[in-house]
$ cat protein_6.cif   # mmCIF, C-alpha atoms and all ligand atoms
data_structure
#
loop_
_atom_site.label_atom_id
_atom_site.label_comp_id
_atom_site.auth_asym_id
_atom_site.auth_seq_id
_atom_site.Cartn_x
_atom_site.Cartn_y
_atom_site.Cartn_z
CA MET A 340 -0.11 -66.61 -48.72
CA VAL A 341 0.85 -67.85 -45.26
CA THR A 342 -0.83 -65.92 -42.47
CA LEU A 343 1.34 -65.23 -39.47
CA TYR A 344 0.54 -63.74 -36.12
CA TRP A 345 2.85 -61.00 -34.96
CA PRO A 346 2.51 -60.41 -31.20
CA ALA A 347 4.31 -57.07 -30.89
CA TYR A 348 2.14 -55.15 -33.34
CA VAL A 349 -1.49 -55.54 -34.37
CA CYS A 350 -1.86 -54.51 -37.99
CA GLU A 351 -4.80 -52.60 -39.38
CA ARG A 352 -6.13 -55.66 -41.17
CA GLY A 353 -7.12 -57.18 -37.84
CA GLY A 354 -4.12 -58.78 -36.22
CA ASP A 355 -2.84 -61.38 -38.68
CA CYS A 356 0.04 -60.05 -40.74
CA MET A 357 3.11 -61.04 -42.68
CA LYS A 358 6.16 -60.40 -40.53
CA PRO A 359 8.71 -57.95 -41.90
CA LEU A 360 11.87 -59.36 -43.46
CA ILE A 361 15.01 -57.84 -41.96
CA GLY A 362 18.34 -57.96 -43.80
CA ILE A 363 21.29 -58.09 -41.38
CA THR A 364 24.86 -57.50 -42.57
CA ALA A 365 27.53 -59.95 -41.48
CA GLY A 366 31.28 -60.26 -41.08
CA GLN A 367 33.71 -62.86 -42.28
CA HIS A 368 36.07 -65.07 -40.33
CA LYS A 369 39.47 -65.17 -42.08
CA GLY A 370 37.78 -64.03 -45.29
CA THR A 371 36.22 -67.44 -45.85
CA THR A 372 33.23 -67.95 -43.55
CA HIS A 373 30.37 -65.56 -42.80
CA ILE A 374 29.75 -64.79 -39.14
CA LEU A 375 27.00 -63.02 -37.23
CA LYS A 376 26.33 -63.20 -33.50
CA ASP A 377 23.10 -65.00 -32.66
CA THR A 378 22.03 -62.09 -30.47
CA TYR A 379 21.14 -60.03 -33.61
CA VAL A 380 19.04 -62.88 -34.97
CA GLN A 381 17.30 -63.45 -31.64
CA ALA A 382 16.58 -59.73 -31.16
CA VAL A 383 14.80 -59.50 -34.52
CA ILE A 384 12.78 -62.66 -33.86
CA ARG A 385 11.88 -61.45 -30.38
CA ALA A 386 10.68 -58.09 -31.73
CA GLY A 387 8.52 -59.76 -34.36
CA GLY A 388 10.62 -59.74 -37.54
CA ILE A 389 12.21 -62.42 -39.71
CA PRO A 390 16.01 -62.08 -39.78
CA VAL A 391 17.97 -62.82 -42.97
CA ILE A 392 21.76 -62.69 -43.08
CA VAL A 393 23.01 -60.71 -46.09
CA PRO A 394 26.38 -61.98 -47.33
CA ILE A 395 29.34 -59.86 -48.39
CA GLY A 396 29.73 -59.44 -52.15
CA ASN A 397 27.42 -58.66 -55.06
CA GLU A 398 28.04 -54.90 -54.86
CA PRO A 399 26.81 -54.17 -58.41
CA ASN A 400 23.40 -55.66 -57.62
CA CYS A 401 22.59 -53.85 -54.39
CA ALA A 402 19.65 -51.96 -55.91
CA GLN A 403 17.99 -55.33 -56.55
CA LEU A 404 19.30 -56.94 -53.37
CA ILE A 405 17.48 -54.48 -51.10
CA GLU A 406 14.10 -55.14 -52.76
CA PRO A 407 12.85 -58.16 -50.74
CA PHE A 408 13.62 -56.55 -47.39
CA ASP A 409 11.38 -54.38 -45.20
CA GLY A 410 14.25 -53.04 -43.10
CA PHE A 411 17.96 -53.35 -42.46
CA ILE A 412 20.33 -53.82 -39.56
CA PHE A 413 23.97 -52.90 -40.09
CA SER A 414 25.79 -55.02 -37.54
CA GLY A 415 28.96 -54.58 -35.49
CA GLY A 416 32.47 -55.63 -36.45
CA GLU A 417 35.82 -54.34 -37.64
CA ASP A 418 37.01 -50.74 -38.00
CA VAL A 419 35.91 -48.79 -41.05
CA ASP A 420 38.77 -48.13 -43.50
CA PRO A 421 39.70 -44.43 -43.00
CA THR A 422 40.46 -43.93 -46.71
CA LEU A 423 36.68 -44.15 -47.20
CA PHE A 424 36.39 -40.80 -45.39
CA GLY A 425 39.53 -39.25 -46.83
CA GLU A 426 42.07 -40.01 -44.11
CA GLU A 427 45.29 -42.00 -43.96
CA PRO A 428 45.43 -44.80 -41.35
CA ALA A 429 46.33 -43.53 -37.86
CA ARG A 430 48.52 -45.62 -35.55
CA GLY A 431 45.52 -46.45 -33.36
CA LEU A 432 43.47 -47.93 -36.22
CA GLY A 433 42.39 -51.53 -35.60
CA GLU A 434 41.62 -54.38 -37.97
CA VAL A 435 39.80 -53.41 -41.17
CA ALA A 436 37.77 -55.61 -43.53
CA PRO A 437 38.09 -54.31 -47.11
CA ALA A 438 35.63 -56.72 -48.75
CA ARG A 439 33.03 -56.03 -46.06
CA ASP A 440 33.56 -52.25 -46.37
CA ALA A 441 33.14 -52.36 -50.15
CA PHE A 442 29.92 -54.35 -49.97
CA GLU A 443 28.37 -52.54 -47.03
CA MET A 444 29.05 -49.07 -48.47
CA ALA A 445 27.16 -50.05 -51.65
CA PHE A 446 24.42 -51.83 -49.67
CA ALA A 447 24.05 -48.88 -47.27
CA LYS A 448 23.69 -46.36 -50.09
CA ALA A 449 20.99 -48.49 -51.74
CA ALA A 450 19.23 -49.06 -48.41
CA ILE A 451 19.27 -45.33 -47.58
CA GLN A 452 17.87 -44.49 -51.01
CA SER A 453 15.06 -47.03 -50.55
CA ASN A 454 13.77 -45.06 -47.54
CA LYS A 455 13.15 -48.33 -45.68
CA PRO A 456 13.90 -48.41 -41.93
CA ILE A 457 17.57 -48.77 -40.97
CA LEU A 458 19.18 -49.56 -37.62
CA GLY A 459 22.96 -49.23 -37.36
CA ILE A 460 24.73 -50.89 -34.45
CA CYS A 461 28.33 -50.04 -33.44
CA ARG A 462 30.37 -50.47 -36.66
CA GLY A 463 27.02 -50.31 -38.47
CA MET A 464 26.40 -46.82 -37.11
CA GLN A 465 29.91 -45.75 -38.11
CA LEU A 466 29.57 -47.19 -41.60
CA LEU A 467 26.21 -45.45 -42.17
CA ASN A 468 27.82 -42.17 -41.10
CA VAL A 469 30.61 -42.62 -43.66
CA ALA A 470 28.08 -43.62 -46.34
CA LEU A 471 26.38 -40.24 -45.71
CA GLY A 472 29.68 -38.36 -46.07
CA GLY A 473 30.65 -38.18 -42.39
CA SER A 474 33.96 -39.06 -40.73
CA LEU A 475 35.14 -41.07 -37.70
CA TYR A 476 37.68 -40.97 -34.94
CA GLN A 477 39.89 -43.88 -35.93
CA ASP A 478 40.78 -44.30 -32.25
CA ILE A 479 39.07 -42.14 -29.62
CA GLU A 480 41.81 -42.75 -26.99
CA THR A 481 44.51 -41.12 -29.10
CA GLN A 482 42.49 -38.77 -31.31
CA LYS A 483 39.67 -37.25 -29.28
CA GLU A 484 40.43 -34.33 -26.99
CA GLY A 485 39.76 -34.54 -23.25
CA THR A 486 39.48 -37.45 -20.87
CA ILE A 487 37.87 -40.42 -22.52
CA ARG A 488 35.86 -42.94 -20.50
CA GLN A 489 36.32 -46.68 -20.88
CA HIS A 490 34.45 -47.55 -24.09
CA ASP A 491 35.96 -51.03 -24.39
CA GLN A 492 34.36 -52.47 -21.29
CA LYS A 493 35.77 -55.54 -19.58
CA ALA A 494 32.35 -56.53 -18.19
CA PRO A 495 30.19 -59.10 -20.06
CA PRO A 496 28.34 -57.84 -23.18
CA SER A 497 24.95 -57.91 -21.46
CA HIS A 498 26.16 -55.51 -18.73
CA PRO A 499 25.40 -51.80 -19.22
CA SER A 500 28.58 -49.94 -18.22
CA HIS A 501 28.25 -46.22 -19.05
CA PHE A 502 25.56 -43.57 -19.28
CA VAL A 503 24.19 -41.92 -22.41
CA GLN A 504 22.36 -38.61 -22.29
CA LEU A 505 19.60 -38.71 -24.90
CA THR A 506 18.92 -35.55 -26.89
CA GLU A 507 15.85 -33.61 -25.80
CA GLY A 508 13.05 -34.16 -28.30
CA SER A 509 14.90 -36.93 -30.16
CA TYR A 510 13.20 -40.00 -31.55
CA LEU A 511 15.36 -42.14 -29.25
CA GLN A 512 14.14 -40.24 -26.22
CA LYS A 513 10.57 -41.03 -27.30
CA ILE A 514 11.43 -44.72 -27.64
CA PHE A 515 13.24 -44.99 -24.30
CA THR A 516 10.98 -42.45 -22.53
CA LYS A 517 14.02 -41.41 -20.46
CA GLU A 518 16.61 -38.64 -20.55
CA THR A 519 19.50 -40.87 -19.52
CA ILE A 520 20.04 -44.55 -20.27
CA LYS A 521 22.83 -46.97 -19.42
CA VAL A 522 24.48 -48.90 -22.24
CA ASN A 523 27.24 -51.41 -22.92
CA SER A 524 30.33 -50.30 -24.83
CA PHE A 525 32.67 -52.21 -27.18
CA HIS A 526 34.19 -49.62 -29.47
CA HIS A 527 37.30 -47.54 -29.91
CA GLN A 528 36.11 -45.68 -33.00
CA ALA A 529 33.31 -43.11 -32.92
CA VAL A 530 31.51 -40.59 -35.11
CA LYS A 531 33.50 -37.34 -35.63
CA GLN A 532 31.81 -35.24 -38.33
CA MET A 533 28.23 -36.35 -38.81
CA GLY A 534 26.97 -37.23 -42.27
CA ALA A 535 24.26 -35.37 -44.18
CA SER A 536 20.81 -35.11 -42.55
CA LEU A 537 21.93 -36.67 -39.24
CA LYS A 538 21.43 -35.22 -35.79
CA ILE A 539 22.81 -36.39 -32.45
CA GLY A 540 20.51 -38.73 -30.55
CA GLY A 541 22.70 -39.25 -27.50
CA VAL A 542 26.17 -38.58 -26.06
CA ALA A 543 28.38 -40.09 -23.38
CA SER A 544 29.65 -37.86 -20.54
CA ASP A 545 33.00 -37.46 -22.36
CA GLY A 546 31.28 -36.10 -25.47
CA VAL A 547 31.53 -39.29 -27.55
CA ILE A 548 28.53 -39.46 -29.89
CA GLU A 549 26.65 -42.60 -28.88
CA ALA A 550 23.56 -42.30 -31.09
CA PHE A 551 22.26 -40.43 -34.12
CA GLU A 552 19.11 -40.29 -36.18
CA SER A 553 18.18 -38.92 -39.58
CA THR A 554 15.90 -35.95 -39.97
CA GLU A 555 14.88 -37.03 -43.50
CA HIS A 556 14.09 -40.70 -43.10
CA PRO A 557 11.10 -42.58 -41.58
CA PHE A 558 13.40 -44.62 -39.33
CA PHE A 559 17.15 -44.18 -39.42
CA VAL A 560 18.84 -44.75 -36.08
CA GLY A 561 22.46 -45.47 -35.24
CA VAL A 562 23.59 -46.59 -31.80
CA GLN A 563 27.21 -47.01 -30.74
CA TRP A 564 26.30 -49.63 -28.16
CA HIS A 565 24.91 -53.18 -28.57
CA PRO A 566 21.17 -53.34 -27.69
CA GLU A 567 20.99 -56.92 -29.03
CA ALA A 568 23.45 -58.00 -26.31
CA LEU A 569 21.62 -56.07 -23.57
CA LEU A 570 18.44 -57.85 -24.60
CA GLU A 571 19.95 -61.11 -23.37
CA LYS A 572 19.43 -59.76 -19.85
CA GLU A 573 15.87 -58.62 -20.59
CA ASP A 574 16.78 -54.95 -20.95
CA GLU A 575 13.45 -53.21 -21.41
CA GLY A 576 14.75 -50.22 -23.40
CA SER A 577 16.55 -52.47 -25.88
CA LEU A 578 13.36 -54.42 -26.53
CA GLN A 579 11.49 -51.12 -27.05
CA LEU A 580 14.15 -50.03 -29.58
CA PHE A 581 13.91 -53.26 -31.60
CA GLN A 582 10.11 -53.22 -31.42
CA ALA A 583 9.97 -49.59 -32.60
CA PHE A 584 12.24 -50.53 -35.52
CA ILE A 585 10.25 -53.65 -36.46
CA GLN A 586 6.98 -51.74 -36.18
CA LYS A 587 8.23 -49.19 -38.73
CA CYS A 588 9.33 -52.06 -41.01
CA HIS A 589 5.91 -53.57 -40.61
CA LYS A 590 4.17 -50.37 -41.64
CA GLY A 591 6.17 -50.40 -44.85
CA ARG A 592 4.77 -53.85 -45.58
CA ASP A 593 1.09 -53.10 -44.77
MN MN A 601 30.55 -46.16 -25.56
#

$ encode --input "protein_6.cif" --output "structure tokens" --more "lines below"
Ligand code: MN
Amino acid sequence: MVTLYWPAYVCERGGDCMKPLIGITAGQHKGTTHILKDTYVQAVIRAGGIPVIVPIGNEPNCAQLIEPFDGFIFSGGEDVDPTLFGEEPARGLGEVAPARDAFEMAFAKAAIQSNKPILGICRGMQLLNVALGGSLYQDIETQKEGTIRQHDQKAPPSHPSHFVQLTEGSYLQKIFTKETIKVNSFHHQAVKQMGASLKIGGVASDGVIEAFESTEHPFFVGVQWHPEALLEKEDEGSLQLFQAFIQKCHKGRD
């Protein structure tokens, strides 16, 4: 067995540990080529894990496919098909990815059942919500009541543009050790009805749910923003989030 040193977490066996293997979902370009932004890969490496891109397809074998992994990241991407939560497409719905939806729904259900740590980012958060029986705003601008802030920022991805109020006593508040954080924002869908066992981890000032966590899972966090992109500018809270996630994955491996 290869012995590896993991700087972000000293394991109980004295400091030399196998790094946790993190499965990251990916998109497809024109249905032919898998794509994943490097920022996800770099964030996992930086926090002390080994990233592995999980391709679309192989739905029937998800129970086996989750086995080698110590944790999962559901990455950002296209809109989730509204028929998966019992709605017809609204006019404001964006691009959907049927093959990705089909695979990720099966993969998410197997991952959730495994009880291994899960981090959902943007679309990933939305997909996990639907996998747990929740629903989404297909387009917050046209479907959510009240004045909606700009959630499709024009600033660069590494720039935090709006505030999120973290829920008192939430796991996220413990990770960030703050009541309010500033995040980036590249979404026009958002969580509407939350899925089973989820509670709100943070909201924007217009009421958009920006984070959730599971009450029945060792680590199950969804964030509507992109911490992997904030990490490019050395955002301390984003590093703490990835390190907290990787540490939980690591404990599963010990
Ligand atoms: Mn937002």

$ residues_near_ligand --input "protein_6.cif" --ligand "ligand MN 601 (chain A)" --cutoff "10 Å" --atoms "all atoms listed in the file" --output "VMD selection string"
chain A and resid 461 487 to 492 499 to 503 521 to 529 542 to 545 547 to 550 562 to 565

$ write_last_selection --input "protein_6.cif" --atoms "C-alpha atoms" --output "PDB file, in the frame of the given file"
ATOM      1  CA  CYS A 461      28.330 -50.040 -33.440  1.00  0.00           C
ATOM      2  CA  ILE A 487      37.870 -40.420 -22.520  1.00  0.00           C
ATOM      3  CA  ARG A 488      35.860 -42.940 -20.500  1.00  0.00           C
ATOM      4  CA  GLN A 489      36.320 -46.680 -20.880  1.00  0.00           C
ATOM      5  CA  HIS A 490      34.450 -47.550 -24.090  1.00  0.00           C
ATOM      6  CA  ASP A 491      35.960 -51.030 -24.390  1.00  0.00           C
ATOM      7  CA  GLN A 492      34.360 -52.470 -21.290  1.00  0.00           C
ATOM      8  CA  PRO A 499      25.400 -51.800 -19.220  1.00  0.00           C
ATOM      9  CA  SER A 500      28.580 -49.940 -18.220  1.00  0.00           C
ATOM     10  CA  HIS A 501      28.250 -46.220 -19.050  1.00  0.00           C
ATOM     11  CA  PHE A 502      25.560 -43.570 -19.280  1.00  0.00           C
ATOM     12  CA  VAL A 503      24.190 -41.920 -22.410  1.00  0.00           C
ATOM     13  CA  LYS A 521      22.830 -46.970 -19.420  1.00  0.00           C
ATOM     14  CA  VAL A 522      24.480 -48.900 -22.240  1.00  0.00           C
ATOM     15  CA  ASN A 523      27.240 -51.410 -22.920  1.00  0.00           C
ATOM     16  CA  SER A 524      30.330 -50.300 -24.830  1.00  0.00           C
ATOM     17  CA  PHE A 525      32.670 -52.210 -27.180  1.00  0.00           C
ATOM     18  CA  HIS A 526      34.190 -49.620 -29.470  1.00  0.00           C
ATOM     19  CA  HIS A 527      37.300 -47.540 -29.910  1.00  0.00           C
ATOM     20  CA  GLN A 528      36.110 -45.680 -33.000  1.00  0.00           C
ATOM     21  CA  ALA A 529      33.310 -43.110 -32.920  1.00  0.00           C
ATOM     22  CA  VAL A 542      26.170 -38.580 -26.060  1.00  0.00           C
ATOM     23  CA  ALA A 543      28.380 -40.090 -23.380  1.00  0.00           C
ATOM     24  CA  SER A 544      29.650 -37.860 -20.540  1.00  0.00           C
ATOM     25  CA  ASP A 545      33.000 -37.460 -22.360  1.00  0.00           C
ATOM     26  CA  VAL A 547      31.530 -39.290 -27.550  1.00  0.00           C
ATOM     27  CA  ILE A 548      28.530 -39.460 -29.890  1.00  0.00           C
ATOM     28  CA  GLU A 549      26.650 -42.600 -28.880  1.00  0.00           C
ATOM     29  CA  ALA A 550      23.560 -42.300 -31.090  1.00  0.00           C
ATOM     30  CA  VAL A 562      23.590 -46.590 -31.800  1.00  0.00           C
ATOM     31  CA  GLN A 563      27.210 -47.010 -30.740  1.00  0.00           C
ATOM     32  CA  TRP A 564      26.300 -49.630 -28.160  1.00  0.00           C
ATOM     33  CA  HIS A 565      24.910 -53.180 -28.570  1.00  0.00           C
TER      34      HIS A 565
END

$ atom_distance --input "protein_6.cif" --atom1 "atom CA of Gln504 of chain A" --atom2 "atom CA of Thr519 of chain A"
4.6 Å

$ closest_atom_pairs --input "protein_6.cif" --of "segment 436-554 of chain A" --to "segment 398-418 of chain A" --cutoff "6 Å" --atoms "only C-alpha atoms" --output "tab-separated table"
residue	atom	partner	partner_atom	distance
A:Phe442	CA	A:Glu398	CA	5.3
A:Ala445	CA	A:Glu398	CA	5.9
A:Phe446	CA	A:Cys401	CA	5.5
A:Ala449	CA	A:Ala402	CA	5.6
A:Lys455	CA	A:Gly410	CA	5.5
A:Pro456	CA	A:Gly410	CA	4.8
A:Ile457	CA	A:Phe411	CA	4.8
A:Leu458	CA	A:Ile412	CA	4.8
A:Gly459	CA	A:Phe413	CA	4.7
A:Ile460	CA	A:Ser414	CA	5.3
A:Cys461	CA	A:Gly415	CA	5.0
A:Arg462	CA	A:Gly415	CA	4.5
A:Gly463	CA	A:Phe413	CA	4.3

$ closest_residue --input "protein_6.cif" --among "A:Ile363, A:Cys588, A:Leu505, A:Ala382" --to "Ala447 of chain A" --atoms "all atoms listed in the file"
A:Ile363

$ residues_around --input "protein_6.cif" --residues "Gln582 of chain A" --least-positions-apart "5" --cutoff "10 Å" --atoms "only C-alpha atoms" --output "PyMOL selection string"
chain A and resi 347-348+382-383+385-388+514+576-577+587-588

$ closest_residue --input "protein_6.cif" --among "A:Pro557, A:Gln465, A:Ala365, A:Thr516" --to "Gln586 of chain A" --atoms "only C-alpha atoms"
A:Pro557

$ atom_distance --input "protein_6.cif" --atom1 "atom CA of Asp420 of chain A" --atom2 "atom CA of Leu432 of chain A"
8.7 Å

$ closest_residue --input "protein_6.cif" --among "A:Leu423, A:Ala450, A:Pro428, A:Glu518" --to "Gly362 of chain A" --atoms "all atoms listed in the file"
A:Ala450

$ closest_residue --input "protein_6.cif" --among "A:Gly366, A:Gly546, A:Gly425, A:Gly540" --to "Phe559 of chain A" --atoms "only C-alpha atoms"
A:Gly540

$ atom_distance --input "protein_6.cif" --atom1 "atom CA of Met533 of chain A" --atom2 "atom CA of Gln482 of chain A"
16.3 Å

$ residues_around --input "protein_6.cif" --residues "Glu552 of chain A" --least-positions-apart "3" --cutoff "9 Å" --atoms "only C-alpha atoms" --output "PyMOL selection string"
chain A and resi 509-511+536-540+556+558-562

$ closest_residue --input "protein_6.cif" --among "A:His368, A:Glu571, A:Thr422, A:His589" --to "Ser497 of chain A" --atoms "only C-alpha atoms"
A:Glu571

$ axis_aligned_box --input "protein_6.cif" --around "segment 394-406 of chain A" --padding-each-side "4 Å" --output "lines of an AutoDock Vina configuration file"
center_x = 21.9
center_y = -57.0
center_z = -52.9
size_x = 23.6
size_y = 18.0
size_z = 19.1

$ closest_residue --input "protein_6.cif" --among "A:Lys358, A:Lys531, A:Glu567, A:Gly472" --to "Glu484 of chain A" --atoms "all atoms listed in the file"
A:Lys531
